[in-house]
Structure formats: structure tokens, C-alpha cells
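Heads up, the thing below is written out as C-alpha cells.
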Amino acid sequence: MTLMMRSPAATLATVAILCVLFVSVYGSAGPMVGGRTEVTDVKTNEEVQDLGKFSVEEYNRSLKHGGNGGELTFVEVVEAQSQVVAGIKYYLKISATEEGLTNVFESVVVVKPWVHSKQLLNFGPPTFIE
């Protein structure tokens, strides 16, 4: 049996070629890890709408523990982006009413489906809708 020895330069060149092939084949097949992707079917996407409701419920729960502001009523998620991290991070724009006025709130939620976990990371101040 004969062992073939490769030089470090040949090994590096082989690895580089394999990396280029991998990126060209799999890199364009879907979103990159870490990159944000627009959720196109926001109004009909049950998971995204449920995450919007969850965000508002968590915000309202924080009010009962010393938060500032009035209680919100969820209307709908109007825009959403997702990002693959250690789970899926959702950036949501949520329409909600507060004392009769409809506002848009920004929310960030991380979902880890394999452990049935979701966590509200941020719920931002409203932007007035005319």
C-alpha cells in the first residue's frame, strides 16, 4: 500500500476549491445564517401573528410589574423579518391600540422550536399611524 503525501499548498488549494463550490451550490439556496429575511406572507402567517400577540401580552404583563404606559390591544403584525441565530429571531412591526389610538410598535422575539421556547427581547416605543 502506497501513501500519497500532499503538500500543504495542495491541501489548502483543495479546501479552497471545495469551499467555493459549497458556497456556490448552497449559498444561493436560501437565507444566509445571520442575515435578515423579509417575511412575505405576514398577514396570513399564523406563527408571525401569534408572535405579535405574544409580544403584546408580554408587554402588558410587564406593565403589571412596574412598567410604564397603558395596556395594549393587539391588532395585527404588519411587517416582519426573520434571522437565523441560535434559534430564529423575529423583528416585528405590530399594530396595536392604546386608549383608542392605533400605533405601530417594534418587537424582537427569539424562538427556539426544539425546546418550545420564545422570548421577548425588546418592545419599542410606538410610531403614530395617521
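Naming scheme: A, B, ... for chains in displayed order of the C-alpha cells; residues 1 onward per chain; ligands 1 onward as shown.
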Checklist entry - Could you pull the residues within 9 Å of A:Ala96, counting only C-alpha atoms, minus those fewer than 3 positions along the same chain, as an MDAnalysis selection string? => result chainID A and resid 56 72:77 101:105
Next on the checklist: List as number ranges by chain the protein and nucleic acid residues near A:Thr40, meaning an atom at most 10 Å away when only C-alpha atoms are counted, but skip any in the same chain fewer than 2 places from it.
Outcome noted: A: 37-38, 42-45, 79-81
Writing out the chosen residues with N, CA, C and O atoms as an mmCIF file, in the first residue's frame:
data_model
loop_
_atom_site.group_PDB
_atom_site.id
_atom_site.type_symbol
_atom_site.label_atom_id
_atom_site.label_comp_id
_atom_site.auth_asym_id
_atom_site.auth_seq_id
_atom_site.Cartn_x
_atom_site.Cartn_y
_atom_site.Cartn_z
ATOM 1 N N THR A 37 -34.239 38.113 6.692
ATOM 2 C CA THR A 37 -35.069 37.781 5.540
ATOM 3 C C THR A 37 -36.458 38.345 5.765
ATOM 4 O O THR A 37 -37.036 38.173 6.849
ATOM 5 N N GLU A 38 -37.003 38.993 4.759
ATOM 6 C CA GLU A 38 -38.355 39.547 4.839
ATOM 7 C C GLU A 38 -39.364 38.402 4.868
ATOM 8 O O GLU A 38 -39.261 37.461 4.092
ATOM 9 N N VAL A 42 -46.961 37.969 5.748
ATOM 10 C CA VAL A 42 -47.143 38.380 7.149
ATOM 11 C C VAL A 42 -48.590 38.257 7.610
ATOM 12 O O VAL A 42 -48.864 37.691 8.663
ATOM 13 N N LYS A 43 -49.519 38.773 6.852
ATOM 14 C CA LYS A 43 -50.919 38.835 7.311
ATOM 15 C C LYS A 43 -51.566 37.461 7.412
ATOM 16 O O LYS A 43 -52.483 37.271 8.200
ATOM 17 N N THR A 44 -51.073 36.472 6.643
ATOM 18 C CA THR A 44 -51.648 35.129 6.687
ATOM 19 C C THR A 44 -50.759 34.132 7.425
ATOM 20 O O THR A 44 -51.135 32.974 7.581
ATOM 21 N N ASN A 45 -49.608 34.572 7.897
ATOM 22 C CA ASN A 45 -48.668 33.689 8.583
ATOM 23 C C ASN A 45 -49.080 33.577 10.055
ATOM 24 O O ASN A 45 -48.891 34.505 10.840
ATOM 25 N N GLU A 79 -45.584 43.933 9.503
ATOM 26 C CA GLU A 79 -44.319 43.702 8.800
ATOM 27 C C GLU A 79 -43.457 42.814 9.676
ATOM 28 O O GLU A 79 -43.491 42.916 10.903
ATOM 29 N N ALA A 80 -42.676 41.923 9.039
ATOM 30 C CA ALA A 80 -41.828 41.034 9.826
ATOM 31 C C ALA A 80 -40.598 40.623 9.036
ATOM 32 O O ALA A 80 -40.637 40.502 7.812
ATOM 33 N N GLN A 81 -39.516 40.436 9.764
ATOM 34 C CA GLN A 81 -38.277 39.886 9.225
ATOM 35 C C GLN A 81 -37.844 38.773 10.167
ATOM 36 O O GLN A 81 -38.122 38.818 11.364
#
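Minimum atom-to-atom distance to A:Leu121, evaluated using only C-alpha atoms, belongs to A:Glu58 out of A:Val78, A:Glu58, A:Gly69, A:Glu47.
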Checklist entry - How far is it from atom CA of A:Gln119 to atom CA of A:Ala86, in Å with one decimal? => result 12.4 Å
Do you know which residues are at most 8 Å from A:Gln83 counting only C-alpha atoms, after dropping those on the same chain fewer than 3 positions away, and could you put them as a PDB file with N, CA and C atoms, in the first residue's frame?
ATOM      1  N   VAL A  33     -27.159  32.295   7.173  1.00  0.00           N
ATOM      2  CA  VAL A  33     -27.226  32.335   8.628  1.00  0.00           C
ATOM      3  C   VAL A  33     -26.773  33.714   9.073  1.00  0.00           C
ATOM      4  N   GLY A  34     -27.561  34.354   9.903  1.00  0.00           N
ATOM      5  CA  GLY A  34     -27.208  35.673  10.402  1.00  0.00           C
ATOM      6  C   GLY A  34     -27.813  36.808   9.603  1.00  0.00           C
ATOM      7  N   GLY A  35     -28.251  36.549   8.380  1.00  0.00           N
ATOM      8  CA  GLY A  35     -28.849  37.602   7.554  1.00  0.00           C
ATOM      9  C   GLY A  35     -30.351  37.677   7.785  1.00  0.00           C
ATOM     10  N   ARG A  36     -30.908  38.873   7.708  1.00  0.00           N
ATOM     11  CA  ARG A  36     -32.356  39.050   7.873  1.00  0.00           C
ATOM     12  C   ARG A  36     -33.068  38.744   6.562  1.00  0.00           C
ATOM     13  N   THR A  37     -34.239  38.113   6.692  1.00  0.00           N
ATOM     14  CA  THR A  37     -35.069  37.781   5.540  1.00  0.00           C
ATOM     15  C   THR A  37     -36.458  38.345   5.765  1.00  0.00           C
ATOM     16  N   ILE A  88     -34.522  31.308  15.897  1.00  0.00           N
ATOM     17  CA  ILE A  88     -34.952  32.265  14.878  1.00  0.00           C
ATOM     18  C   ILE A  88     -35.359  33.541  15.586  1.00  0.00           C
ATOM     19  N   LYS A  89     -34.740  34.634  15.181  1.00  0.00           N
ATOM     20  CA  LYS A  89     -35.064  35.934  15.754  1.00  0.00           C
ATOM     21  C   LYS A  89     -36.016  36.631  14.794  1.00  0.00           C
ATOM     22  N   TYR A  90     -37.137  37.097  15.324  1.00  0.00           N
ATOM     23  CA  TYR A  90     -38.132  37.810  14.529  1.00  0.00           C
ATOM     24  C   TYR A  90     -38.135  39.278  14.911  1.00  0.00           C
TER      25      TYR A  90
END
Checklist entry - Which polymer residues have any atom within 8 Å of an atom of A:Asn122, counting only C-alpha atoms, with same-chain residues fewer than 3 positions away left out, as JSON, numbers by chain? => result {"A": [106, 107, 108, 109]}
For C-alpha atoms, I'd like the residues from the last selection saved as a PDB file, in the first residue's frame.
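To be explicit, this is the file written out as selection_0.pdb:
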ATOM      1  CA  GLU A 106     -41.453  47.317  17.176  1.00  0.00           C
ATOM      2  CA  SER A 107     -40.762  43.982  18.786  1.00  0.00           C
ATOM      3  CA  VAL A 108     -37.912  41.445  18.743  1.00  0.00           C
ATOM      4  CA  VAL A 109     -38.670  37.823  19.679  1.00  0.00           C
TER       5      VAL A 109
END
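The space between atom CA of A:Ser82 and atom CA of A:Val110 spans 9.4 Å.
Between atom CA of A:Phe54 and atom CA of A:Ile94 the separation is 10.9 Å.
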Identify all residues of stretch 57-105 of chain A in strand (DSSP E) (DSSP on the backbone) and supply them as a PDB file with all heavy atoms, in the first residue's frame.
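Dumped to states.pdb:
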ATOM      1  N   THR A  73     -53.936  46.587  23.030  1.00  0.00           N
ATOM      2  CA  THR A  73     -54.757  45.550  22.429  1.00  0.00           C
ATOM      3  C   THR A  73     -54.166  45.231  21.064  1.00  0.00           C
ATOM      4  O   THR A  73     -54.024  46.114  20.212  1.00  0.00           O
ATOM      5  CB  THR A  73     -56.215  46.025  22.267  1.00  0.00           C
ATOM      6  OG1 THR A  73     -56.726  46.404  23.555  1.00  0.00           O
ATOM      7  CG2 THR A  73     -57.087  44.942  21.673  1.00  0.00           C
ATOM      8  N   PHE A  74     -53.805  43.976  20.853  1.00  0.00           N
ATOM      9  CA  PHE A  74     -53.192  43.535  19.608  1.00  0.00           C
ATOM     10  C   PHE A  74     -54.172  43.677  18.445  1.00  0.00           C
ATOM     11  O   PHE A  74     -55.339  43.313  18.565  1.00  0.00           O
ATOM     12  CB  PHE A  74     -52.756  42.064  19.739  1.00  0.00           C
ATOM     13  CG  PHE A  74     -52.218  41.470  18.471  1.00  0.00           C
ATOM     14  CD1 PHE A  74     -50.925  41.726  18.052  1.00  0.00           C
ATOM     15  CD2 PHE A  74     -53.011  40.646  17.690  1.00  0.00           C
ATOM     16  CE1 PHE A  74     -50.428  41.182  16.886  1.00  0.00           C
ATOM     17  CE2 PHE A  74     -52.529  40.086  16.525  1.00  0.00           C
ATOM     18  CZ  PHE A  74     -51.233  40.350  16.120  1.00  0.00           C
ATOM     19  N   VAL A  75     -53.688  44.202  17.314  1.00  0.00           N
ATOM     20  CA  VAL A  75     -54.482  44.270  16.088  1.00  0.00           C
ATOM     21  C   VAL A  75     -53.924  43.261  15.085  1.00  0.00           C
ATOM     22  O   VAL A  75     -54.593  42.307  14.719  1.00  0.00           O
ATOM     23  CB  VAL A  75     -54.508  45.693  15.486  1.00  0.00           C
ATOM     24  CG1 VAL A  75     -55.253  45.708  14.160  1.00  0.00           C
ATOM     25  CG2 VAL A  75     -55.119  46.682  16.472  1.00  0.00           C
ATOM     26  N   GLU A  76     -52.667  43.474  14.642  1.00  0.00           N
ATOM     27  CA  GLU A  76     -52.030  42.547  13.713  1.00  0.00           C
ATOM     28  C   GLU A  76     -50.554  42.898  13.558  1.00  0.00           C
ATOM     29  O   GLU A  76     -50.128  44.012  13.859  1.00  0.00           O
ATOM     30  CB  GLU A  76     -52.693  42.569  12.338  1.00  0.00           C
ATOM     31  CG  GLU A  76     -52.488  43.877  11.587  1.00  0.00           C
ATOM     32  CD  GLU A  76     -53.147  43.904  10.217  1.00  0.00           C
ATOM     33  OE1 GLU A  76     -53.530  42.840   9.709  1.00  0.00           O
ATOM     34  OE2 GLU A  76     -53.274  45.006   9.665  1.00  0.00           O
ATOM     35  N   VAL A  77     -49.780  41.935  13.070  1.00  0.00           N
ATOM     36  CA  VAL A  77     -48.401  42.197  12.670  1.00  0.00           C
ATOM     37  C   VAL A  77     -48.472  42.713  11.242  1.00  0.00           C
ATOM     38  O   VAL A  77     -49.098  42.090  10.381  1.00  0.00           O
ATOM     39  CB  VAL A  77     -47.524  40.928  12.746  1.00  0.00           C
ATOM     40  CG1 VAL A  77     -46.121  41.210  12.225  1.00  0.00           C
ATOM     41  CG2 VAL A  77     -47.460  40.397  14.167  1.00  0.00           C
ATOM     42  N   VAL A  78     -47.865  43.875  10.991  1.00  0.00           N
ATOM     43  CA  VAL A  78     -47.941  44.480   9.665  1.00  0.00           C
ATOM     44  C   VAL A  78     -46.672  44.265   8.842  1.00  0.00           C
ATOM     45  O   VAL A  78     -46.689  44.399   7.615  1.00  0.00           O
ATOM     46  CB  VAL A  78     -48.261  45.992   9.763  1.00  0.00           C
ATOM     47  CG1 VAL A  78     -49.658  46.200  10.337  1.00  0.00           C
ATOM     48  CG2 VAL A  78     -47.226  46.736  10.575  1.00  0.00           C
ATOM     49  N   GLU A  79     -45.584  43.933   9.503  1.00  0.00           N
ATOM     50  CA  GLU A  79     -44.319  43.702   8.800  1.00  0.00           C
ATOM     51  C   GLU A  79     -43.457  42.814   9.676  1.00  0.00           C
ATOM     52  O   GLU A  79     -43.491  42.916  10.903  1.00  0.00           O
ATOM     53  CB  GLU A  79     -43.615  45.039   8.564  1.00  0.00           C
ATOM     54  CG  GLU A  79     -42.434  44.992   7.651  1.00  0.00           C
ATOM     55  CD  GLU A  79     -41.848  46.387   7.422  1.00  0.00           C
ATOM     56  OE1 GLU A  79     -42.621  47.317   7.118  1.00  0.00           O
ATOM     57  OE2 GLU A  79     -40.621  46.527   7.582  1.00  0.00           O
ATOM     58  N   ALA A  80     -42.676  41.923   9.039  1.00  0.00           N
ATOM     59  CA  ALA A  80     -41.828  41.034   9.826  1.00  0.00           C
ATOM     60  C   ALA A  80     -40.598  40.623   9.036  1.00  0.00           C
ATOM     61  O   ALA A  80     -40.637  40.502   7.812  1.00  0.00           O
ATOM     62  CB  ALA A  80     -42.605  39.788  10.247  1.00  0.00           C
ATOM     63  N   GLN A  81     -39.516  40.436   9.764  1.00  0.00           N
ATOM     64  CA  GLN A  81     -38.277  39.886   9.225  1.00  0.00           C
ATOM     65  C   GLN A  81     -37.844  38.773  10.167  1.00  0.00           C
ATOM     66  O   GLN A  81     -38.122  38.818  11.364  1.00  0.00           O
ATOM     67  CB  GLN A  81     -37.177  40.933   9.156  1.00  0.00           C
ATOM     68  CG  GLN A  81     -37.440  42.054   8.187  1.00  0.00           C
ATOM     69  CD  GLN A  81     -36.313  43.071   8.198  1.00  0.00           C
ATOM     70  OE1 GLN A  81     -35.654  43.281   9.206  1.00  0.00           O
ATOM     71  NE2 GLN A  81     -36.086  43.707   7.070  1.00  0.00           N
ATOM     72  N   SER A  82     -37.147  37.779   9.608  1.00  0.00           N
ATOM     73  CA  SER A  82     -36.600  36.711  10.445  1.00  0.00           C
ATOM     74  C   SER A  82     -35.099  36.637  10.227  1.00  0.00           C
ATOM     75  O   SER A  82     -34.583  37.051   9.183  1.00  0.00           O
ATOM     76  CB  SER A  82     -37.256  35.371  10.121  1.00  0.00           C
ATOM     77  OG  SER A  82     -36.970  34.992   8.791  1.00  0.00           O
ATOM     78  N   GLN A  83     -34.417  36.123  11.227  1.00  0.00           N
ATOM     79  CA  GLN A  83     -32.966  36.000  11.186  1.00  0.00           C
ATOM     80  C   GLN A  83     -32.591  34.705  11.900  1.00  0.00           C
ATOM     81  O   GLN A  83     -33.023  34.467  13.019  1.00  0.00           O
ATOM     82  CB  GLN A  83     -32.321  37.200  11.891  1.00  0.00           C
ATOM     83  CG  GLN A  83     -30.818  37.180  11.931  1.00  0.00           C
ATOM     84  CD  GLN A  83     -30.259  38.383  12.686  1.00  0.00           C
ATOM     85  OE1 GLN A  83     -30.919  38.944  13.547  1.00  0.00           O
ATOM     86  NE2 GLN A  83     -29.055  38.772  12.345  1.00  0.00           N
ATOM     87  N   VAL A  84     -31.799  33.877  11.225  1.00  0.00           N
ATOM     88  CA  VAL A  84     -31.360  32.629  11.836  1.00  0.00           C
ATOM     89  C   VAL A  84     -30.197  32.929  12.761  1.00  0.00           C
ATOM     90  O   VAL A  84     -29.180  33.477  12.343  1.00  0.00           O
ATOM     91  CB  VAL A  84     -30.952  31.599  10.761  1.00  0.00           C
ATOM     92  CG1 VAL A  84     -30.429  30.324  11.408  1.00  0.00           C
ATOM     93  CG2 VAL A  84     -32.125  31.291   9.855  1.00  0.00           C
ATOM     94  N   VAL A  85     -30.383  32.616  14.032  1.00  0.00           N
ATOM     95  CA  VAL A  85     -29.349  32.776  15.061  1.00  0.00           C
ATOM     96  C   VAL A  85     -29.334  31.459  15.831  1.00  0.00           C
ATOM     97  O   VAL A  85     -29.522  30.422  15.217  1.00  0.00           O
ATOM     98  CB  VAL A  85     -29.640  33.997  15.983  1.00  0.00           C
ATOM     99  CG1 VAL A  85     -29.496  35.298  15.203  1.00  0.00           C
ATOM    100  CG2 VAL A  85     -31.017  33.935  16.594  1.00  0.00           C
ATOM    101  N   GLY A  87     -31.510  29.830  17.066  1.00  0.00           N
ATOM    102  CA  GLY A  87     -32.956  29.835  17.002  1.00  0.00           C
ATOM    103  C   GLY A  87     -33.336  30.742  15.844  1.00  0.00           C
ATOM    104  O   GLY A  87     -32.552  30.945  14.920  1.00  0.00           O
ATOM    105  N   ILE A  88     -34.522  31.308  15.897  1.00  0.00           N
ATOM    106  CA  ILE A  88     -34.952  32.265  14.878  1.00  0.00           C
ATOM    107  C   ILE A  88     -35.359  33.541  15.586  1.00  0.00           C
ATOM    108  O   ILE A  88     -36.204  33.531  16.486  1.00  0.00           O
ATOM    109  CB  ILE A  88     -36.124  31.736  14.039  1.00  0.00           C
ATOM    110  CG1 ILE A  88     -35.744  30.408  13.378  1.00  0.00           C
ATOM    111  CG2 ILE A  88     -36.538  32.761  12.987  1.00  0.00           C
ATOM    112  CD1 ILE A  88     -36.894  29.714  12.695  1.00  0.00           C
ATOM    113  N   LYS A  89     -34.740  34.634  15.181  1.00  0.00           N
ATOM    114  CA  LYS A  89     -35.064  35.934  15.754  1.00  0.00           C
ATOM    115  C   LYS A  89     -36.016  36.631  14.794  1.00  0.00           C
ATOM    116  O   LYS A  89     -35.760  36.709  13.601  1.00  0.00           O
ATOM    117  CB  LYS A  89     -33.794  36.769  15.925  1.00  0.00           C
ATOM    118  CG  LYS A  89     -34.022  38.085  16.646  1.00  0.00           C
ATOM    119  CD  LYS A  89     -32.745  38.908  16.741  1.00  0.00           C
ATOM    120  CE  LYS A  89     -31.882  38.452  17.879  1.00  0.00           C
ATOM    121  NZ  LYS A  89     -30.736  39.360  18.105  1.00  0.00           N
ATOM    122  N   TYR A  90     -37.137  37.097  15.324  1.00  0.00           N
ATOM    123  CA  TYR A  90     -38.132  37.810  14.529  1.00  0.00           C
ATOM    124  C   TYR A  90     -38.135  39.278  14.911  1.00  0.00           C
ATOM    125  O   TYR A  90     -38.164  39.627  16.087  1.00  0.00           O
ATOM    126  CB  TYR A  90     -39.531  37.226  14.767  1.00  0.00           C
ATOM    127  CG  TYR A  90     -39.728  35.867  14.155  1.00  0.00           C
ATOM    128  CD1 TYR A  90     -39.477  34.710  14.886  1.00  0.00           C
ATOM    129  CD2 TYR A  90     -40.162  35.730  12.835  1.00  0.00           C
ATOM    130  CE1 TYR A  90     -39.656  33.456  14.326  1.00  0.00           C
ATOM    131  CE2 TYR A  90     -40.333  34.480  12.265  1.00  0.00           C
ATOM    132  CZ  TYR A  90     -40.083  33.352  13.020  1.00  0.00           C
ATOM    133  OH  TYR A  90     -40.252  32.108  12.464  1.00  0.00           O
ATOM    134  N   TYR A  91     -38.120  40.122  13.894  1.00  0.00           N
ATOM    135  CA  TYR A  91     -38.246  41.565  14.047  1.00  0.00           C
ATOM    136  C   TYR A  91     -39.638  41.909  13.537  1.00  0.00           C
ATOM    137  O   TYR A  91     -39.928  41.767  12.344  1.00  0.00           O
ATOM    138  CB  TYR A  91     -37.180  42.294  13.228  1.00  0.00           C
ATOM    139  CG  TYR A  91     -35.776  41.951  13.660  1.00  0.00           C
ATOM    140  CD1 TYR A  91     -35.118  40.827  13.169  1.00  0.00           C
ATOM    141  CD2 TYR A  91     -35.106  42.750  14.582  1.00  0.00           C
ATOM    142  CE1 TYR A  91     -33.829  40.505  13.574  1.00  0.00           C
ATOM    143  CE2 TYR A  91     -33.815  42.437  14.989  1.00  0.00           C
ATOM    144  CZ  TYR A  91     -33.186  41.318  14.483  1.00  0.00           C
ATOM    145  OH  TYR A  91     -31.907  41.007  14.893  1.00  0.00           O
ATOM    146  N   LEU A  92     -40.510  42.351  14.439  1.00  0.00           N
ATOM    147  CA  LEU A  92     -41.908  42.561  14.094  1.00  0.00           C
ATOM    148  C   LEU A  92     -42.304  44.024  14.211  1.00  0.00           C
ATOM    149  O   LEU A  92     -41.848  44.722  15.117  1.00  0.00           O
ATOM    150  CB  LEU A  92     -42.806  41.747  15.028  1.00  0.00           C
ATOM    151  CG  LEU A  92     -42.500  40.260  15.180  1.00  0.00           C
ATOM    152  CD1 LEU A  92     -43.406  39.657  16.256  1.00  0.00           C
ATOM    153  CD2 LEU A  92     -42.666  39.539  13.866  1.00  0.00           C
ATOM    154  N   LYS A  93     -43.178  44.455  13.311  1.00  0.00           N
ATOM    155  CA  LYS A  93     -43.863  45.737  13.455  1.00  0.00           C
ATOM    156  C   LYS A  93     -45.320  45.378  13.705  1.00  0.00           C
ATOM    157  O   LYS A  93     -45.966  44.750  12.871  1.00  0.00           O
ATOM    158  CB  LYS A  93     -43.700  46.595  12.213  1.00  0.00           C
ATOM    159  CG  LYS A  93     -42.278  47.105  12.081  1.00  0.00           C
ATOM    160  CD  LYS A  93     -42.148  48.197  11.061  1.00  0.00           C
ATOM    161  CE  LYS A  93     -40.702  48.666  11.041  1.00  0.00           C
ATOM    162  NZ  LYS A  93     -40.481  49.721  10.090  1.00  0.00           N
ATOM    163  N   ILE A  94     -45.778  45.764  14.890  1.00  0.00           N
ATOM    164  CA  ILE A  94     -47.081  45.329  15.377  1.00  0.00           C
ATOM    165  C   ILE A  94     -48.025  46.522  15.490  1.00  0.00           C
ATOM    166  O   ILE A  94     -47.692  47.523  16.108  1.00  0.00           O
ATOM    167  CB  ILE A  94     -46.930  44.676  16.765  1.00  0.00           C
ATOM    168  CG1 ILE A  94     -45.994  43.471  16.675  1.00  0.00           C
ATOM    169  CG2 ILE A  94     -48.290  44.300  17.333  1.00  0.00           C
ATOM    170  CD1 ILE A  94     -45.564  42.943  18.030  1.00  0.00           C
ATOM    171  N   SER A  95     -49.191  46.374  14.903  1.00  0.00           N
ATOM    172  CA  SER A  95     -50.246  47.367  15.057  1.00  0.00           C
ATOM    173  C   SER A  95     -51.041  46.993  16.304  1.00  0.00           C
ATOM    174  O   SER A  95     -51.480  45.853  16.462  1.00  0.00           O
ATOM    175  CB  SER A  95     -51.150  47.354  13.820  1.00  0.00           C
ATOM    176  OG  SER A  95     -52.214  48.261  13.980  1.00  0.00           O
ATOM    177  N   ALA A  96     -51.191  47.976  17.210  1.00  0.00           N
ATOM    178  CA  ALA A  96     -51.932  47.751  18.451  1.00  0.00           C
ATOM    179  C   ALA A  96     -52.611  49.046  18.854  1.00  0.00           C
ATOM    180  O   ALA A  96     -52.174  50.131  18.468  1.00  0.00           O
ATOM    181  CB  ALA A  96     -50.996  47.272  19.559  1.00  0.00           C
ATOM    182  N   THR A  97     -53.677  48.908  19.615  1.00  0.00           N
ATOM    183  CA  THR A  97     -54.371  50.107  20.086  1.00  0.00           C
ATOM    184  C   THR A  97     -54.077  50.335  21.551  1.00  0.00           C
ATOM    185  O   THR A  97     -53.915  49.398  22.333  1.00  0.00           O
ATOM    186  CB  THR A  97     -55.896  50.002  19.876  1.00  0.00           C
ATOM    187  OG1 THR A  97     -56.384  48.861  20.567  1.00  0.00           O
ATOM    188  CG2 THR A  97     -56.257  49.926  18.413  1.00  0.00           C
ATOM    189  N   GLU A  98     -54.003  51.623  21.889  1.00  0.00           N
ATOM    190  CA  GLU A  98     -53.785  52.054  23.260  1.00  0.00           C
ATOM    191  C   GLU A  98     -54.697  53.256  23.490  1.00  0.00           C
ATOM    192  O   GLU A  98     -54.537  54.284  22.835  1.00  0.00           O
ATOM    193  CB  GLU A  98     -52.320  52.439  23.474  1.00  0.00           C
ATOM    194  CG  GLU A  98     -52.006  52.941  24.860  1.00  0.00           C
ATOM    195  CD  GLU A  98     -50.540  53.343  25.001  1.00  0.00           C
ATOM    196  OE1 GLU A  98     -49.867  53.574  23.979  1.00  0.00           O
ATOM    197  OE2 GLU A  98     -50.086  53.434  26.146  1.00  0.00           O
ATOM    198  N   LEU A 101     -56.195  54.823  20.352  1.00  0.00           N
ATOM    199  CA  LEU A 101     -55.283  55.226  19.275  1.00  0.00           C
ATOM    200  C   LEU A 101     -54.514  54.007  18.765  1.00  0.00           C
ATOM    201  O   LEU A 101     -54.021  53.210  19.557  1.00  0.00           O
ATOM    202  CB  LEU A 101     -54.288  56.273  19.766  1.00  0.00           C
ATOM    203  CG  LEU A 101     -54.860  57.621  20.195  1.00  0.00           C
ATOM    204  CD1 LEU A 101     -53.754  58.494  20.778  1.00  0.00           C
ATOM    205  CD2 LEU A 101     -55.503  58.318  18.996  1.00  0.00           C
ATOM    206  N   THR A 102     -54.416  53.908  17.435  1.00  0.00           N
ATOM    207  CA  THR A 102     -53.662  52.809  16.837  1.00  0.00           C
ATOM    208  C   THR A 102     -52.240  53.273  16.594  1.00  0.00           C
ATOM    209  O   THR A 102     -52.006  54.336  16.026  1.00  0.00           O
ATOM    210  CB  THR A 102     -54.301  52.361  15.514  1.00  0.00           C
ATOM    211  OG1 THR A 102     -55.641  51.940  15.785  1.00  0.00           O
ATOM    212  CG2 THR A 102     -53.535  51.214  14.886  1.00  0.00           C
ATOM    213  N   ASN A 103     -51.298  52.470  17.054  1.00  0.00           N
ATOM    214  CA  ASN A 103     -49.876  52.765  16.901  1.00  0.00           C
ATOM    215  C   ASN A 103     -49.165  51.527  16.384  1.00  0.00           C
ATOM    216  O   ASN A 103     -49.687  50.415  16.457  1.00  0.00           O
ATOM    217  CB  ASN A 103     -49.252  53.151  18.245  1.00  0.00           C
ATOM    218  CG  ASN A 103     -49.782  54.464  18.759  1.00  0.00           C
ATOM    219  OD1 ASN A 103     -49.606  55.499  18.146  1.00  0.00           O
ATOM    220  ND2 ASN A 103     -50.455  54.419  19.898  1.00  0.00           N
ATOM    221  N   VAL A 104     -47.958  51.735  15.885  1.00  0.00           N
ATOM    222  CA  VAL A 104     -47.099  50.629  15.479  1.00  0.00           C
ATOM    223  C   VAL A 104     -45.969  50.515  16.489  1.00  0.00           C
ATOM    224  O   VAL A 104     -45.321  51.509  16.816  1.00  0.00           O
ATOM    225  CB  VAL A 104     -46.544  50.831  14.055  1.00  0.00           C
ATOM    226  CG1 VAL A 104     -45.531  49.752  13.709  1.00  0.00           C
ATOM    227  CG2 VAL A 104     -47.678  50.830  13.043  1.00  0.00           C
ATOM    228  N   PHE A 105     -45.769  49.302  16.983  1.00  0.00           N
ATOM    229  CA  PHE A 105     -44.728  49.026  17.955  1.00  0.00           C
ATOM    230  C   PHE A 105     -43.733  48.064  17.328  1.00  0.00           C
ATOM    231  O   PHE A 105     -44.119  47.209  16.526  1.00  0.00           O
ATOM    232  CB  PHE A 105     -45.321  48.396  19.225  1.00  0.00           C
ATOM    233  CG  PHE A 105     -46.295  49.297  19.934  1.00  0.00           C
ATOM    234  CD1 PHE A 105     -47.621  49.379  19.524  1.00  0.00           C
ATOM    235  CD2 PHE A 105     -45.879  50.066  21.001  1.00  0.00           C
ATOM    236  CE1 PHE A 105     -48.516  50.208  20.171  1.00  0.00           C
ATOM    237  CE2 PHE A 105     -46.767  50.906  21.667  1.00  0.00           C
ATOM    238  CZ  PHE A 105     -48.081  50.975  21.244  1.00  0.00           C
TER     239      PHE A 105
END
